[in-house]
Amino acid sequence: MTNSADFRVAVFAGDGIGPEITAPTIDLIRRAAGRTGGFSVTPVDCPAGAAHYRDQGEALPKPSMDTARASDAILLAAMGLPSVRYPDGTEISPQLDLRFEFGLYAGVRPIRAVPGVPVVLADPRAREMDFVILRESTEGLFASHGKGEVTETQATETMVLTRSVSERLHDFGLRLADQRREAGGKGRATCVDKANVFRAFAWFREIFDTRAKAFPQVTADHMYIDACALALVTKPWDLDVLITENMFGDILSDLGAGLIGGMGYAPSADIGDEHAVFQPCHGSAPDIAGQGLANPTAMILSAAMMLEWLGAEKGVAEAGRAGALMRSAVDAAFEDGGLKTCELGGDAGTDAVFSAVGAALDRAEI
Ligand code: ATP
């Protein structure tokens, strides 16, 4: 697959701001592919989500699932609407179903300050923040999703950690830390847990320590989740790869996104052994949908991650280069501080961000 790779990408535009940030992102992917050559992307639309459930009675139709299963990668914008719920009161979240169905245990949440975008912390070192939260995404407390027991006097949800997933998660994180070390990074992997209180987390930590022996070049250490939350706001520039349980990772990811300008700047990937979903960390933001205010940066950066993953996974170097090109175009668009998105008090809406990134992409040297 060197000269003519064509990647079939299942696209879940979803709800709320999802569709308005999806179509222009596909356009940017095509433009990036046009710059590097060597591959093309065929997007396949996958209807799903809360509006689909409301109108058609199904949140994740089988044909969409089949398309996703047969695709090279899955690109997802946002799904769910607070006003549309299952009869038990829970929100429609097919993205969780995709994670469980495809075993997407490795939730990769890069927290990197985009040059020119204001960060929350005043310390100048905050601009150098560049770490990854690796959130286990198929079990942990979320294993209880839809299975919680509630009686008049008691409510119970059960956390589940398995050896098989924990081993693969730790290996993924240790490998990632090693790759980052090779690229000039810190090469530090930190197991984030609550091993001082829960036996399950002491066990999770033991597995980490055992797997870390195979990565002597990586600095492997531990943090309790509460200390880690503190470190995120006191010295995030020291962090590198944080490996953690699903619920802890869910919470830390939003905290991390807040550090770099908000949900509109935080991309993510949920990766399994055979499939991967790429989606911004934010939800469908129904409060701003249809107004042209949504910041598409997280979606563009998620698409960049997808191309880099496809490049590595399928051995198509041009796809990897196109992903890197998209990320550099985002940096170039924001770098001089002139492009200020609406959620940060500026007037750059969805179209303004897309045209600035598109222009940077077109003029980038490759
Ligand atoms: P979910 O539970 O699906 O993750 P959520 O309820 O946490 O979703 P979001 O939909 O992410 O919430 O929105 C939270 C807030 O952030 C809202 O005020 C929303 O308008 C804002 N927001 C989210 N994404 C963006 C974006 N891309 N651009 C601008 N504002 C956004």
# chains A, B, ... in the order shown; residues from 1 in each chain; ligands from 1
call {"tool": "residues_near_ligand", "arguments": {"ligand": "ligand 1", "cutoff": "7 Å", "atoms": "only C-alpha atoms and all ligand atoms", "output": "PyMOL selection string"}}
result
chain A and resi 78-80+263-264+281-288+293-296+298+342-343
call {"tool": "residues_around", "arguments": {"residues": "Phe100 (chain A)", "least_positions_apart": "2", "cutoff": "10 Å", "atoms": "only C-alpha atoms", "output": "PyMOL selection string"}}
result
chain A and resi 94-98+102-105+137-139+142-143+272
call {"tool": "atom_distance", "arguments": {"atom1": "CA of Ala303 (chain A)", "atom2": "CA of Ser40 (chain A)"}}
result
13.7 Å
call {"tool": "closest_residue", "arguments": {"among": "A:Val165, A:Leu141, A:Leu230, A:Ala289", "to": "Gly16 (chain A)", "atoms": "only C-alpha atoms"}}
result
A:Ala289
call {"tool": "closest_residue", "arguments": {"among": "A:Arg168, A:Arg125, A:Lys186, A:Arg54", "to": "Pro82 (chain A)", "atoms": "only C-alpha atoms"}}
result
A:Arg54
call {"tool": "residues_around", "arguments": {"residues": "Leu259 (chain A)", "least_positions_apart": "3", "cutoff": "6 Å", "atoms": "only C-alpha atoms", "output": "ChimeraX atom specification"}}
result
/A:119-120,256
call {"tool": "select_by_dssp", "arguments": {"residues": "region 248-364 of chain A", "states": "strand (DSSP E or B)", "output": "JSON list (two decimals) with N, CA and C atoms, in the first residue's frame"}}
result
[["chain", "number", "residue", "atom", "x", "y", "z"],
["A", 269, "ALA", "N", -8.14, 9.71, 20.92],
["A", 269, "ALA", "CA", -8.25, 8.47, 20.14],
["A", 269, "ALA", "C", -8.59, 7.36, 21.12],
["A", 270, "ASP", "N", -9.47, 6.46, 20.70],
["A", 270, "ASP", "CA", -9.74, 5.25, 21.47],
["A", 270, "ASP", "C", -9.27, 4.09, 20.61],
["A", 271, "ILE", "N", -8.22, 3.44, 21.07],
["A", 271, "ILE", "CA", -7.53, 2.47, 20.21],
["A", 271, "ILE", "C", -7.61, 1.06, 20.80],
["A", 276, "ALA", "N", -9.96, 1.56, 15.72],
["A", 276, "ALA", "CA", -9.68, 2.78, 16.47],
["A", 276, "ALA", "C", -10.69, 3.86, 16.11],
["A", 277, "VAL", "N", -11.13, 4.60, 17.13],
["A", 277, "VAL", "CA", -12.05, 5.72, 16.94],
["A", 277, "VAL", "C", -11.32, 7.01, 17.31],
["A", 278, "PHE", "N", -11.47, 8.02, 16.47],
["A", 278, "PHE", "CA", -10.83, 9.32, 16.73],
["A", 278, "PHE", "C", -11.93, 10.36, 16.90],
["A", 341, "THR", "N", -10.83, 32.06, 19.48],
["A", 341, "THR", "CA", -12.13, 31.39, 19.32],
["A", 341, "THR", "C", -13.18, 31.93, 20.29],
["A", 348, "ALA", "N", -13.61, 34.39, 16.51],
["A", 348, "ALA", "CA", -13.34, 33.38, 15.48],
["A", 348, "ALA", "C", -14.28, 32.19, 15.66]]
call {"tool": "select_by_dssp", "arguments": {"residues": "region 106-352 of chain A", "states": "helix (DSSP H, G or I)", "output": "MDAnalysis selection string"}}
result
chainID A and resid 124:128 141:144 163:182 199:212 225:234 236:238 246:259 263:265 297:314 317:334 342:344 350:352
call {"tool": "atom_distance", "arguments": {"atom1": "CA of Ile92 (chain A)", "atom2": "CA of Ala59 (chain A)"}}
result
6.8 Å
call {"tool": "closest_residue", "arguments": {"among": "A:Asp193, A:Asp226, A:Asp88, A:Glu128", "to": "Gly148 (chain A)", "atoms": "only C-alpha atoms"}}
result
A:Asp88
call {"tool": "residues_around", "arguments": {"residues": "Lys340 (chain A)", "least_positions_apart": "4", "cutoff": "12 Å", "atoms": "only C-alpha atoms", "output": "PyMOL selection string"}}
result
chain A and resi 114-118+261+264+293+295+297+333-336+344-350+352-353+356
call {"tool": "residues_around", "arguments": {"residues": "Pro236 (chain A)", "least_positions_apart": "3", "cutoff": "12 Å", "atoms": "only C-alpha atoms", "output": "PyMOL selection string"}}
result
chain A and resi 111-113+119-121+123-133+227-233+239-242+252+255-257+259-260
call {"tool": "write_last_selection", "arguments": {"atoms": "C-alpha atoms", "output": "PDB file, in the first residue's frame"}}
result
ATOM      1  CA  ILE A 111      -2.752  17.549  26.500  1.00  0.00           C
ATOM      2  CA  ARG A 112      -0.583  19.947  24.529  1.00  0.00           C
ATOM      3  CA  ALA A 113      -0.795  23.706  24.518  1.00  0.00           C
ATOM      4  CA  VAL A 119      -3.344  28.582  28.811  1.00  0.00           C
ATOM      5  CA  VAL A 120      -4.916  28.820  32.253  1.00  0.00           C
ATOM      6  CA  LEU A 121      -1.723  28.740  34.314  1.00  0.00           C
ATOM      7  CA  ASP A 123       3.728  30.056  35.000  1.00  0.00           C
ATOM      8  CA  PRO A 124       5.648  30.356  31.687  1.00  0.00           C
ATOM      9  CA  ARG A 125       6.477  26.628  31.873  1.00  0.00           C
ATOM     10  CA  ALA A 126       2.783  25.947  31.256  1.00  0.00           C
ATOM     11  CA  ARG A 127       3.361  26.728  27.578  1.00  0.00           C
ATOM     12  CA  GLU A 128       5.642  23.678  27.418  1.00  0.00           C
ATOM     13  CA  MET A 129       2.937  21.388  28.746  1.00  0.00           C
ATOM     14  CA  ASP A 130       2.851  18.264  26.589  1.00  0.00           C
ATOM     15  CA  PHE A 131       1.593  15.094  28.191  1.00  0.00           C
ATOM     16  CA  VAL A 132      -0.814  12.263  27.443  1.00  0.00           C
ATOM     17  CA  ILE A 133      -3.570  10.865  29.607  1.00  0.00           C
ATOM     18  CA  ALA A 227      -1.960  13.770  43.972  1.00  0.00           C
ATOM     19  CA  CYS A 228      -2.138  13.548  40.192  1.00  0.00           C
ATOM     20  CA  ALA A 229      -5.066  15.989  40.064  1.00  0.00           C
ATOM     21  CA  LEU A 230      -2.930  18.380  42.102  1.00  0.00           C
ATOM     22  CA  ALA A 231       0.102  17.866  39.840  1.00  0.00           C
ATOM     23  CA  LEU A 232      -2.009  18.700  36.799  1.00  0.00           C
ATOM     24  CA  VAL A 233      -2.433  22.232  38.091  1.00  0.00           C
ATOM     25  CA  LEU A 239       4.160  14.937  33.293  1.00  0.00           C
ATOM     26  CA  ASP A 240       4.522  12.654  30.304  1.00  0.00           C
ATOM     27  CA  VAL A 241       2.289   9.555  30.000  1.00  0.00           C
ATOM     28  CA  LEU A 242      -0.349   9.035  32.714  1.00  0.00           C
ATOM     29  CA  LEU A 252      -8.494  13.986  34.435  1.00  0.00           C
ATOM     30  CA  LEU A 255      -9.141  18.861  33.775  1.00  0.00           C
ATOM     31  CA  GLY A 256      -6.352  18.544  31.206  1.00  0.00           C
ATOM     32  CA  ALA A 257      -8.519  20.085  28.481  1.00  0.00           C
ATOM     33  CA  LEU A 259      -5.507  23.651  31.109  1.00  0.00           C
ATOM     34  CA  ILE A 260      -5.025  24.137  27.351  1.00  0.00           C
TER      35      ILE A 260
END
call {"tool": "residues_around", "arguments": {"residues": "Ala13 (chain A)", "least_positions_apart": "6", "cutoff": "8 Å", "atoms": "only C-alpha atoms", "output": "list in words"}}
result
Pro19, Thr22, Asp45, Cys46, Pro47, Leu76, Ala77, Ala78 and Met79 of chain A
